[in-house]
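Colleague: Just so it is clear, I am handing over target_15.txt, which has compact mmCIF, C-alpha atoms.
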```
# COMPACT_ATOMS: atom_id res chain seq x y z
CA MET A 1256 33.63 155.74 68.32
CA LEU A 1257 31.25 156.53 71.19
CA VAL A 1258 32.30 158.90 73.94
CA THR A 1259 31.87 156.03 76.39
CA ASP A 1260 34.58 154.12 74.51
CA LEU A 1261 37.14 156.70 75.63
CA SER A 1262 39.02 156.54 78.90
CA THR A 1263 38.04 158.87 81.73
CA SER A 1264 41.22 160.90 81.27
CA ALA A 1265 40.59 161.22 77.52
CA GLN A 1266 37.07 162.49 78.21
CA ASP A 1267 38.46 165.00 80.72
CA TYR A 1268 41.13 166.21 78.30
CA LEU A 1269 38.66 166.77 75.46
CA LYS A 1270 36.22 168.60 77.72
CA LEU A 1271 38.97 170.84 79.08
CA ILE A 1272 40.32 171.70 75.61
CA TRP A 1273 36.84 172.72 74.47
CA SER A 1274 35.93 174.60 77.65
CA ALA A 1275 39.22 176.52 77.76
CA THR A 1276 38.39 178.34 74.53
CA GLU A 1277 34.67 178.80 75.15
CA TRP A 1278 35.15 182.19 76.82
CA SER A 1279 38.65 182.98 75.57
CA ALA A 1280 40.27 183.25 72.16
CA THR A 1281 43.57 181.96 73.52
CA PRO A 1282 44.23 178.30 72.54
CA ILE A 1283 45.21 175.97 75.35
CA THR A 1284 48.68 174.43 75.63
CA VAL A 1285 50.10 171.35 77.33
CA SER A 1286 51.51 173.42 80.19
CA ALA A 1287 48.19 175.20 80.74
CA MET A 1288 46.34 171.87 80.77
CA ALA A 1289 48.82 170.41 83.24
CA GLU A 1290 48.30 173.38 85.55
CA ARG A 1291 44.51 173.08 85.42
CA LEU A 1292 44.52 169.32 85.90
CA ARG A 1293 47.28 169.49 88.53
CA VAL A 1294 49.39 166.85 86.85
CA ARG A 1295 52.85 166.80 85.29
CA PRO A 1296 53.21 168.27 81.78
CA SER A 1297 54.70 164.96 80.63
CA THR A 1298 51.48 163.21 81.68
CA VAL A 1299 49.39 165.61 79.61
CA SER A 1300 51.80 165.35 76.69
CA ASP A 1301 51.42 161.56 76.65
CA GLY A 1302 47.64 161.88 76.79
CA ILE A 1303 47.57 164.38 73.93
CA LYS A 1304 49.70 162.06 71.79
CA LYS A 1305 47.15 159.29 72.33
CA LEU A 1306 44.28 161.60 71.39
CA ALA A 1307 46.15 162.71 68.27
CA ALA A 1308 46.66 159.07 67.29
CA GLN A 1309 42.88 158.63 67.55
CA ASN A 1310 42.36 161.69 65.34
CA LEU A 1311 40.65 163.58 68.15
CA VAL A 1312 43.13 166.49 68.42
CA THR A 1313 45.88 168.15 66.47
CA HIS A 1314 48.99 169.40 68.22
CA ALA A 1315 52.15 170.97 66.88
CA PRO A 1316 55.20 170.56 69.14
CA TYR A 1317 55.21 173.31 71.79
CA GLY A 1318 52.12 174.77 70.16
CA ALA A 1319 48.39 174.99 70.79
CA ILE A 1320 46.08 172.00 71.00
CA GLU A 1321 43.00 171.96 68.79
CA LEU A 1322 40.10 169.57 68.52
CA THR A 1323 39.26 167.75 65.32
CA ARG A 1324 35.62 167.51 64.25
CA GLU A 1325 35.26 164.16 65.98
CA GLY A 1326 37.12 165.41 69.04
CA ARG A 1327 34.79 168.38 69.28
CA GLU A 1328 31.74 166.12 69.13
CA HIS A 1329 33.04 164.07 72.06
CA ALA A 1330 33.99 167.20 74.00
CA VAL A 1331 30.56 168.79 73.57
CA THR A 1332 28.91 165.56 74.71
CA MET A 1333 30.93 165.65 77.93
CA VAL A 1334 30.26 169.35 78.49
CA ARG A 1335 26.53 168.73 78.03
CA ARG A 1336 26.61 165.87 80.53
CA HIS A 1337 28.52 167.91 83.08
CA ARG A 1338 26.30 170.97 82.93
CA LEU A 1339 23.02 169.07 82.94
CA LEU A 1340 24.21 167.12 85.97
CA GLU A 1341 25.19 170.33 87.78
CA THR A 1342 21.76 171.79 87.02
CA PHE A 1343 20.00 168.64 88.22
CA LEU A 1344 21.99 168.56 91.45
CA VAL A 1345 21.06 172.18 92.22
CA GLN A 1346 17.45 172.28 91.05
CA VAL A 1347 16.28 168.80 92.08
CA LEU A 1348 18.60 167.58 94.82
CA GLY A 1349 19.16 170.92 96.54
CA TYR A 1350 22.93 171.16 96.24
CA GLY A 1351 24.58 174.56 96.48
CA TRP A 1352 26.14 175.93 93.30
CA ASP A 1353 29.51 175.72 95.02
CA GLU A 1354 29.13 171.96 95.66
CA VAL A 1355 28.25 170.55 92.28
CA HIS A 1356 31.39 170.73 90.14
CA ASP A 1357 33.25 167.81 91.70
CA GLU A 1358 30.07 165.71 91.94
CA ALA A 1359 29.35 166.26 88.25
CA GLU A 1360 32.99 165.48 87.37
CA THR A 1361 32.49 162.01 88.83
CA LEU A 1362 28.97 161.34 87.56
CA GLU A 1363 29.53 162.50 83.98
CA HIS A 1364 31.69 159.44 83.28
CA ALA A 1365 29.20 156.95 84.68
CA VAL A 1366 25.75 158.00 83.45
CA SER A 1367 24.20 156.74 80.23
CA ASP A 1368 23.02 158.88 77.34
CA LYS A 1369 19.48 157.76 78.16
CA LEU A 1370 19.72 159.06 81.72
CA ILE A 1371 21.14 162.38 80.51
CA GLU A 1372 18.21 162.84 78.14
CA ARG A 1373 15.75 161.97 80.92
CA ILE A 1374 17.41 164.58 83.13
CA ASP A 1375 17.17 167.13 80.32
CA GLN A 1376 13.44 166.40 79.94
CA CYS A 1377 12.88 166.50 83.70
CA LEU A 1378 14.49 169.93 83.92
CA GLY A 1379 12.52 171.32 80.97
CA HIS A 1380 15.52 171.52 78.62
CA PRO A 1381 17.49 174.23 80.44
CA ARG A 1382 19.75 176.45 78.39
CA ARG A 1383 22.21 177.39 81.15
CA ASP A 1384 23.74 175.68 84.16
CA PRO A 1385 23.72 177.22 87.66
CA HIS A 1386 26.82 179.29 86.88
CA GLY A 1387 25.47 180.68 83.62
CA ASP A 1388 27.44 178.45 81.25
CA PRO A 1389 25.34 177.45 78.22
CA ILE A 1390 24.26 173.81 77.98
CA PRO A 1391 24.96 172.46 74.49
CA PRO A 1392 21.88 171.03 72.74
CA ALA A 1393 21.63 167.29 72.14
CA ASP A 1394 22.41 167.67 68.44
CA GLY A 1395 25.76 169.30 69.24
CA SER A 1396 25.00 172.44 67.25
CA PRO A 1397 27.24 175.44 67.98
CA ILE A 1398 26.37 177.69 70.88
CA GLN A 1399 27.23 181.36 70.90
CA THR A 1400 28.77 182.93 73.97
CA ALA A 1401 28.78 186.65 74.53
CA GLY A 1402 29.93 188.78 77.38
CA THR A 1403 32.85 190.68 78.83
CA GLN A 1404 34.70 190.11 82.05
CA LEU A 1405 33.60 192.58 84.70
CA SER A 1406 37.23 193.61 85.16
CA ALA A 1407 37.30 194.92 81.57
CA THR A 1408 33.98 196.79 81.69
CA ALA A 1409 33.99 200.58 81.83
CA ALA A 1410 32.89 202.50 84.89
CA GLY A 1411 29.43 204.00 84.53
CA SER A 1412 28.06 200.94 82.76
CA THR A 1413 24.90 199.15 83.80
CA VAL A 1414 25.21 195.44 83.18
CA ALA A 1415 23.70 192.03 83.89
CA VAL A 1416 25.74 189.06 85.04
CA ILE A 1417 25.56 186.20 82.53
CA ARG A 1418 28.24 183.86 83.84
CA ILE A 1419 30.35 183.27 86.95
CA SER A 1420 33.34 180.94 86.82
CA ASP A 1421 32.93 177.82 88.97
CA ALA A 1422 36.69 177.29 89.36
CA ASP A 1423 36.74 178.38 93.03
CA PRO A 1424 33.95 177.08 95.33
CA GLU A 1425 34.95 179.49 98.10
CA MET A 1426 34.56 182.42 95.73
CA LEU A 1427 31.12 181.14 94.72
CA ARG A 1428 30.09 181.15 98.38
CA PHE A 1429 31.41 184.71 98.68
CA PHE A 1430 29.37 185.80 95.65
CA ALA A 1431 26.26 184.11 97.04
CA GLU A 1432 26.62 186.08 100.28
CA LEU A 1433 26.81 189.30 98.23
CA GLY A 1434 23.76 188.35 96.14
CA LEU A 1435 25.80 187.99 92.93
CA SER A 1436 24.58 185.32 90.53
CA PRO A 1437 23.61 185.00 86.85
CA ASP A 1438 20.98 187.59 85.87
CA THR A 1439 21.94 189.96 88.71
CA GLN A 1440 21.97 193.55 87.46
CA LEU A 1441 24.53 196.00 88.72
CA SER A 1442 26.15 199.33 87.95
CA ILE A 1443 29.89 199.83 87.81
CA ARG A 1444 30.98 202.72 89.98
CA PRO A 1445 33.94 205.06 89.44
CA PRO A 1446 37.16 203.41 90.64
CA ARG A 1447 38.49 204.29 94.04
CA PRO A 1448 41.77 206.23 93.79
CA TYR A 1449 45.01 204.25 94.09
CA THR A 1450 43.34 200.84 94.19
CA ASP A 1451 43.04 197.88 91.80
CA LEU A 1452 39.45 197.25 92.87
CA THR A 1453 36.29 197.10 90.78
CA THR A 1454 33.48 198.84 92.63
CA VAL A 1455 29.90 197.85 91.86
CA ARG A 1456 26.43 198.45 93.23
CA LEU A 1457 23.78 195.77 92.86
CA HIS A 1458 20.36 197.01 91.80
CA GLY A 1459 18.12 197.42 94.80
CA GLN A 1460 21.01 197.87 97.22
CA ASP A 1461 22.31 201.08 98.78
CA GLU A 1462 25.96 200.20 99.35
CA ASP A 1463 28.88 199.76 97.01
CA ILE A 1464 30.82 196.48 96.86
CA ASP A 1465 34.56 196.35 96.19
CA LEU A 1466 35.82 193.36 94.22
CA GLY A 1467 39.44 192.38 93.81
CA ALA A 1468 40.99 191.34 90.52
CA ALA A 1469 40.33 187.60 90.94
CA ALA A 1470 36.66 188.22 91.71
CA SER A 1471 36.03 190.72 88.91
CA GLU A 1472 37.77 188.45 86.39
CA ALA A 1473 35.50 185.53 87.37
CA ILE A 1474 32.33 187.42 86.37
CA TRP A 1475 31.09 187.89 82.79
CA VAL A 1476 28.53 190.59 82.03
CA VAL A 1477 26.50 192.09 79.17
CA PRO A 1478 25.06 195.61 78.85
CA VAL A 1479 21.44 196.21 79.77
```
As structure tokens - that is how I would like this structure written.

Modeller:
Amino acid sequence: MLVTDLSTSAQDYLKLIWSATEWSATPITVSAMAERLRVRPSTVSDGIKKLAAQNLVTHAPYGAIELTREGREHAVTMVRRHRLLETFLVQVLGYGWDEVHDEAETLEHAVSDKLIERIDQCLGHPRRDPHGDPIPPADGSPIQTAGTQLSATAAGSTVAVIRISDADPEMLRFFAELGLSPDTQLSIRPPRPYTDLTTVRLHGQDEDIDLGAAASEAIWVVPV
């Protein structure tokens, strides 16, 4: 079965199941998928049953959803399409990194494998998308992700940003105004008393920046 033989919703479901565990060890559930897709849990449950009948997922009642080998292959294909399209939109067409997610969501279902490979060649085979998410290779081989959420990183550390979640376009615009993007280096300052803020200072800047919980949880970093 080719990925293009699947319905748009099936492609979206497989991509979401794979992506949900890329940066987290917590398996995704029907209720979590329904929340992310903004649909009723019964709708997701019906979709998962169809995917299970096609041997693309396994799902125990009220339990976690897992991809089969074939399901993973389809999911990685869709993730690769999505992230290459986002990269193309930013690097070639001049879109902002906060504008590309929804565009790529639409285009990924319509483009051919040939066009995706031409885009990959045109871009010089990029390894990351504009938000720092790794772009799976064409052969579908596993990709390793490493990093810790900024919110869980100890004060006094010097780190580099490797990934910023693209779930909230407004937050991406906020980060852009601050100069925060993948590869930005920063130091984590001592916490301010009686606050739940993460205080950082970007290298080359003279002022501290306070980030709330939502912002610091959207940023993944590695030590430098």

Colleague: When you draw a straight line from atom CA of Ile1283 of chain A to atom CA of Thr1342 of chain A, how long is it in Å?

Modeller: 26.5 Å

Colleague: One decimal, in Å: what's the spacing between atom CA of Leu1452 of chain A and atom CA of Trp1475 of chain A?

Modeller: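 Interatomic distance, atom CA of Leu1452 of chain A to atom CA of Trp1475 of chain A: 16.1 Å.
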
Colleague: Report the closest atom pair, with its distance in Å rounded to one decimal, for each residue of segment 1321-1388 of chain A that has an atom no farther than 9 Å from segment 1435-1444 of chain A; count all atoms listed in the file, sort by chain and then rising residue number, and write it as CSV.

Modeller:
```
residue,atom,partner,partner_atom,distance
A:Pro1385,CA,A:Pro1437,CA,7.8
A:His1386,CA,A:Pro1437,CA,6.6
A:Gly1387,CA,A:Pro1437,CA,5.7
```

Colleague: So how many Å separate atom CA of Leu1433 of chain A and atom CA of Val1479 of chain A, to one decimal?

Modeller: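 Distance between the two atoms: 20.4 Å.
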
Colleague: Is there a way to get, as a list in words, all residues within 7 Å of the point (29.4, 188.9, 79.2) in file coordinates, counting only C-alpha atoms?

Modeller: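 Here the neighbourhood of the point contains Ala1401, Gly1402, Thr1403, Gln1404, Val1416, Ile1417, Arg1418, Trp1475, Val1476 and Val1477 of chain A.
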
Colleague: Between A:Val1299, A:Leu1405, A:Ser1279, A:Ser1412, single out the one closest to Ala1468 of chain A, counting all atoms listed in the file.

Modeller: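 Closest candidate: A:Leu1405.
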
Colleague: For a cut-off of 12 Å around (27.5, 178.2, 78.8), file coordinates, pick out all residues using all atoms listed in the file and list them as a PyMOL selection string.

Modeller: chain A and resi 1273-1278+1331+1334-1335+1337-1339+1342+1381-1392+1397-1402+1417-1421+1437+1475

Colleague: Can you write just those residues out, C-alpha atoms, as a compact mmCIF listing (two decimals), in the frame of the given file?

Modeller:
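Result saved to selection_0.txt:
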```
# COMPACT_ATOMS: atom_id res chain seq x y z
CA TRP A 1273 36.84 172.72 74.47
CA SER A 1274 35.93 174.60 77.65
CA ALA A 1275 39.22 176.52 77.76
CA THR A 1276 38.39 178.34 74.53
CA GLU A 1277 34.67 178.80 75.15
CA TRP A 1278 35.15 182.19 76.82
CA VAL A 1331 30.56 168.79 73.57
CA VAL A 1334 30.26 169.35 78.49
CA ARG A 1335 26.53 168.73 78.03
CA HIS A 1337 28.52 167.91 83.08
CA ARG A 1338 26.30 170.97 82.93
CA LEU A 1339 23.02 169.07 82.94
CA THR A 1342 21.76 171.79 87.02
CA PRO A 1381 17.49 174.23 80.44
CA ARG A 1382 19.75 176.45 78.39
CA ARG A 1383 22.21 177.39 81.15
CA ASP A 1384 23.74 175.68 84.16
CA PRO A 1385 23.72 177.22 87.66
CA HIS A 1386 26.82 179.29 86.88
CA GLY A 1387 25.47 180.68 83.62
CA ASP A 1388 27.44 178.45 81.25
CA PRO A 1389 25.34 177.45 78.22
CA ILE A 1390 24.26 173.81 77.98
CA PRO A 1391 24.96 172.46 74.49
CA PRO A 1392 21.88 171.03 72.74
CA PRO A 1397 27.24 175.44 67.98
CA ILE A 1398 26.37 177.69 70.88
CA GLN A 1399 27.23 181.36 70.90
CA THR A 1400 28.77 182.93 73.97
CA ALA A 1401 28.78 186.65 74.53
CA GLY A 1402 29.93 188.78 77.38
CA ILE A 1417 25.56 186.20 82.53
CA ARG A 1418 28.24 183.86 83.84
CA ILE A 1419 30.35 183.27 86.95
CA SER A 1420 33.34 180.94 86.82
CA ASP A 1421 32.93 177.82 88.97
CA PRO A 1437 23.61 185.00 86.85
CA TRP A 1475 31.09 187.89 82.79
```

Colleague: Check the smallest atom-to-atom distance from each of A:Asp1353, A:Pro1448, A:Gly1467, A:Leu1457 to Arg1428 of chain A using all atoms listed in the file, then report the winner.

Modeller: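 The closest residue to Arg1428 of chain A is A:Asp1353.
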